[in-house]
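Report on one structure; see the data block that follows.
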Amino acid sequence: MNTSQSGYQEICTDPSYAGQVVLMTYPLIGNYGRLVADDQSTRPWLRGLVVAHATAAISEDAAQLAALLRSHSVPAIAGVETRSLARRLRETGAQRARISAPWESDPEAAIAATRLITPWEHQDFVAQVSPTRVQTFGDESQPLVVVVDFGLKSNIVRALRARGLRVRVHPHNTALSDLLHGEPVGVVLSPGPGDPARLTAPVALARDIITSGIPLLGICLGHQIVARAAGADTRRLAFGHHGANHPVRDLPTGRVYVTAQNHEVEVIGGTLPESSGFEVSQVNLNDGSVEGLRHRELPIETVQYHPEGSPGPLDATPVFDRFLRAIDERSR
């Protein structure tokens, strides 16, 4: 369930939504079309889309959301009373779902087929969305930052490039030696789908990166992976956070940011070992869940939300500026 009023194109092409059937609570979807340049990856990753009212609005086929979904065989359904369904999900929490074909009219058969779907927490979505080869963006003369792609959004690369950095993107199963080849000035662990409790190899990689002392930024799933590398536990939220209006308080400054979020799992702040050097830096004002970690001595910050969120909000973009400052301070 996503409460965003806009951004349906970005939601559909965000790899973090892999495995999800997304219910949009805003009643009109598709009304401003689609710009291919704003896609967050090369294809839609969600398993299905549920909306109240759908509109093509734009005559050009490629600019229509329905055409994007249809070209990749992603099912969608409109005409649903999404308010009632949203209230039910708020009572019961996330659950397995399936969009049936129009000719499948037997409700018992549909329920039986839905029960056969592998539960979310038992699936390895990162292996599905992560690339198999290394890609580099930018000029050789620029400082190099490396990104581990667990489900990378294009806007993260754009945000780093806009700050004068060359970006090298690695698959999720990269080795530390390959990641640090060429002496990068910083590392980013990207967002992605699924449960971090399954990701033992990425957690071990994060533990090695922490030990290296290189500036590190973890975003969403990357935040959870760093937390587990530091010794903290994670658990699934009852409803998850999906939307563009989540208020987050930065504890050291008291400043509040409105953020875009999409995750099913939270870091349990009370399990973070004191000896790890990490502390909770930000919390969600709706439910008190952990929204960020910072290391007391090393140049490491993690955030649970999406500072690269597009079309917004843009409150959290200073996360990238702090990362750049950490890089500059370490290079002096």
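By convention in this document, the chains of the structure tokens carry letters A, B, ... by their order, each chain's residues are numbered from 1, and ligands are numbered from 1 in the order they are shown.
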| task | Would you please extract all strand (DSSP E or B) residues from segment 108-308 of chain A, as assigned by DSSP on the backbone, and give them as a VMD selection string? | result | chain A and resid 135 to 137 144 to 148 166 to 170 186 to 189 216 to 219 234 to 250 256 to 267 278 to 284 290 to 295 300 to 303
Expected file: the selected residues, C-alpha atoms, as a PDB file, in the first residue's frame:
```pdb
ATOM      1  CA  GLN A 135      29.193  -0.215 -14.713  1.00  0.00           C
ATOM      2  CA  THR A 136      30.936   3.157 -14.400  1.00  0.00           C
ATOM      3  CA  PHE A 137      29.442   6.627 -14.825  1.00  0.00           C
ATOM      4  CA  LEU A 144      35.536   7.614  -7.469  1.00  0.00           C
ATOM      5  CA  VAL A 145      32.632   6.394  -5.339  1.00  0.00           C
ATOM      6  CA  VAL A 146      31.544   2.753  -5.521  1.00  0.00           C
ATOM      7  CA  VAL A 147      27.974   1.535  -5.093  1.00  0.00           C
ATOM      8  CA  VAL A 148      26.895  -1.991  -4.189  1.00  0.00           C
ATOM      9  CA  ARG A 166      32.462   9.330 -10.623  1.00  0.00           C
ATOM     10  CA  VAL A 167      30.259   6.337  -9.801  1.00  0.00           C
ATOM     11  CA  ARG A 168      31.140   2.664 -10.231  1.00  0.00           C
ATOM     12  CA  VAL A 169      28.266   0.238  -9.642  1.00  0.00           C
ATOM     13  CA  HIS A 170      28.985  -3.337  -8.504  1.00  0.00           C
ATOM     14  CA  GLY A 186      33.569   6.326  -0.542  1.00  0.00           C
ATOM     15  CA  VAL A 187      31.109   3.437  -0.611  1.00  0.00           C
ATOM     16  CA  VAL A 188      27.306   3.455  -0.927  1.00  0.00           C
ATOM     17  CA  LEU A 189      25.152   0.444  -0.063  1.00  0.00           C
ATOM     18  CA  LEU A 216      30.149   4.723   3.985  1.00  0.00           C
ATOM     19  CA  LEU A 217      26.521   5.614   3.248  1.00  0.00           C
ATOM     20  CA  GLY A 218      23.759   3.011   3.610  1.00  0.00           C
ATOM     21  CA  ILE A 219      20.315   3.715   2.160  1.00  0.00           C
ATOM     22  CA  THR A 234      15.920  -6.428  12.351  1.00  0.00           C
ATOM     23  CA  ARG A 235      12.246  -7.407  12.199  1.00  0.00           C
ATOM     24  CA  ARG A 236       9.321  -7.068   9.836  1.00  0.00           C
ATOM     25  CA  LEU A 237       6.940  -4.174  10.430  1.00  0.00           C
ATOM     26  CA  ALA A 238       3.237  -4.908  10.753  1.00  0.00           C
ATOM     27  CA  PHE A 239       2.331  -2.646   7.829  1.00  0.00           C
ATOM     28  CA  GLY A 240       5.600  -1.404   6.351  1.00  0.00           C
ATOM     29  CA  HIS A 241       6.326   2.189   5.377  1.00  0.00           C
ATOM     30  CA  HIS A 242       5.293   3.028   1.824  1.00  0.00           C
ATOM     31  CA  GLY A 243       4.706   6.636   0.838  1.00  0.00           C
ATOM     32  CA  ALA A 244       6.141  10.119   0.401  1.00  0.00           C
ATOM     33  CA  ASN A 245       4.996  11.756   3.637  1.00  0.00           C
ATOM     34  CA  HIS A 246       6.830  10.098   6.546  1.00  0.00           C
ATOM     35  CA  PRO A 247       8.154  12.590   9.140  1.00  0.00           C
ATOM     36  CA  VAL A 248      11.637  11.831  10.459  1.00  0.00           C
ATOM     37  CA  ARG A 249      13.374  13.614  13.339  1.00  0.00           C
ATOM     38  CA  ASP A 250      17.141  14.028  13.371  1.00  0.00           C
ATOM     39  CA  VAL A 256      12.253  17.186  11.062  1.00  0.00           C
ATOM     40  CA  TYR A 257      12.300  15.959   7.478  1.00  0.00           C
ATOM     41  CA  VAL A 258       9.401  14.697   5.353  1.00  0.00           C
ATOM     42  CA  THR A 259      10.673  11.609   3.545  1.00  0.00           C
ATOM     43  CA  ALA A 260       9.840   9.040   0.877  1.00  0.00           C
ATOM     44  CA  GLN A 261       9.900   5.449   2.123  1.00  0.00           C
ATOM     45  CA  ASN A 262       9.404   1.877   0.960  1.00  0.00           C
ATOM     46  CA  HIS A 263      10.411  -0.899   3.344  1.00  0.00           C
ATOM     47  CA  GLU A 264       8.931  -3.824   5.231  1.00  0.00           C
ATOM     48  CA  VAL A 265      11.689  -4.186   7.836  1.00  0.00           C
ATOM     49  CA  GLU A 266      12.961  -2.026  10.707  1.00  0.00           C
ATOM     50  CA  VAL A 267      16.182  -1.990  12.695  1.00  0.00           C
ATOM     51  CA  PHE A 278      26.960   3.129  16.241  1.00  0.00           C
ATOM     52  CA  GLU A 279      24.042   5.101  17.666  1.00  0.00           C
ATOM     53  CA  VAL A 280      20.496   5.818  16.534  1.00  0.00           C
ATOM     54  CA  SER A 281      20.548   9.226  14.841  1.00  0.00           C
ATOM     55  CA  GLN A 282      17.019   9.554  13.431  1.00  0.00           C
ATOM     56  CA  VAL A 283      13.553   8.242  14.312  1.00  0.00           C
ATOM     57  CA  ASN A 284      10.158   8.081  12.623  1.00  0.00           C
ATOM     58  CA  VAL A 290      14.711   3.720  13.707  1.00  0.00           C
ATOM     59  CA  GLU A 291      15.316   5.875  10.613  1.00  0.00           C
ATOM     60  CA  GLY A 292      19.075   6.358  10.755  1.00  0.00           C
ATOM     61  CA  LEU A 293      22.375   5.369  12.340  1.00  0.00           C
ATOM     62  CA  ARG A 294      25.688   7.200  12.688  1.00  0.00           C
ATOM     63  CA  HIS A 295      29.048   5.976  13.897  1.00  0.00           C
ATOM     64  CA  ILE A 300      29.509   6.277   8.427  1.00  0.00           C
ATOM     65  CA  GLU A 301      25.846   7.251   8.162  1.00  0.00           C
ATOM     66  CA  THR A 302      22.784   5.200   7.248  1.00  0.00           C
ATOM     67  CA  VAL A 303      19.191   6.223   6.552  1.00  0.00           C
TER      68      VAL A 303
END
```
| field | In segment 78-297 of chain A, DSSP helix (DSSP H, G or I) residues written as a PyMOL selection string | value | chain A and resi 82-92+107-115+120-122+126-129+154-162+176-179+196-198+200-212+221-229+269-271+274-276
| Separation of atom CA of Glu308 of chain A from atom CA of Asp149 of chain A, in Å and rounded to one decimal | 14.7 Å
| So how far away is atom CA of Ala316 of chain A from atom CA of Gly30 of chain A, in Å? |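 Pair atom CA of Gly30 of chain A / atom CA of Ala316 of chain A returns 26.1 Å.
Comparing the minimum interatomic distances between Ala56 of chain A and each of A:Arg158, A:Leu68, A:Gly93, A:Ser310, counting only C-alpha atoms, we find that A:Leu68 sits nearest.
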| request: Could you check which of A:Gly151, A:Pro311, A:Pro143, A:Pro102 is closest to Trp45 of chain A, using only C-alpha atoms? | output: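 Ranking A:Gly151, A:Pro311, A:Pro143, A:Pro102 by distance to Trp45 of chain A, first place goes to A:Gly151.
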| Contacts of Leu23 of chain A within 8 Å, only C-alpha atoms, excl. fewer than 3 positions in-chain, as a ChimeraX atom specification | /A:1-2,49-51,82,86
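You can rank A:Gln5, A:Val74, A:Arg83, A:Pro171 by their closest distance to Gln128 of chain A using only C-alpha atoms, and at the top of that list sits A:Pro171.
For Leu116 of chain A, the residues within 10 Å (counting only C-alpha atoms, excluding itself and residues fewer than 4 positions away along the chain) are Arg96, Ile111 and Ala112 of chain A.
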Those selected residues, please, written with C-alpha atoms and delivered as a compact mmCIF listing (two decimals), in the first residue's frame.
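Result file is again19.txt:
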```txt
# COMPACT_ATOMS: atom_id res chain seq x y z
CA ARG A 96 0.07 -12.48 -0.05
CA ILE A 111 -7.59 -18.33 -3.02
CA ALA A 112 -5.86 -21.69 -3.41
```
| Any idea what's packed within 12 Å of His72 of chain A, counting only C-alpha atoms, ignoring anything in its chain fewer than 4 positions away? Could you give it as a ChimeraX atom specification? | /A:12-13,42-48,65-68,76
| task | Kindly indicate which residue among A:Ala101, A:Glu91, A:Gln40, A:Asn31 lies nearest to Gln64 of chain A, using only C-alpha atoms for the distances. | result | A:Asn31
| message | I'd like the interatomic distance between atom CA of Pro273 of chain A and atom CA of Asp287 of chain A, to a tenth of an Å. | response |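 Separation of atom CA of Pro273 of chain A and atom CA of Asp287 of chain A: 22.1 Å.
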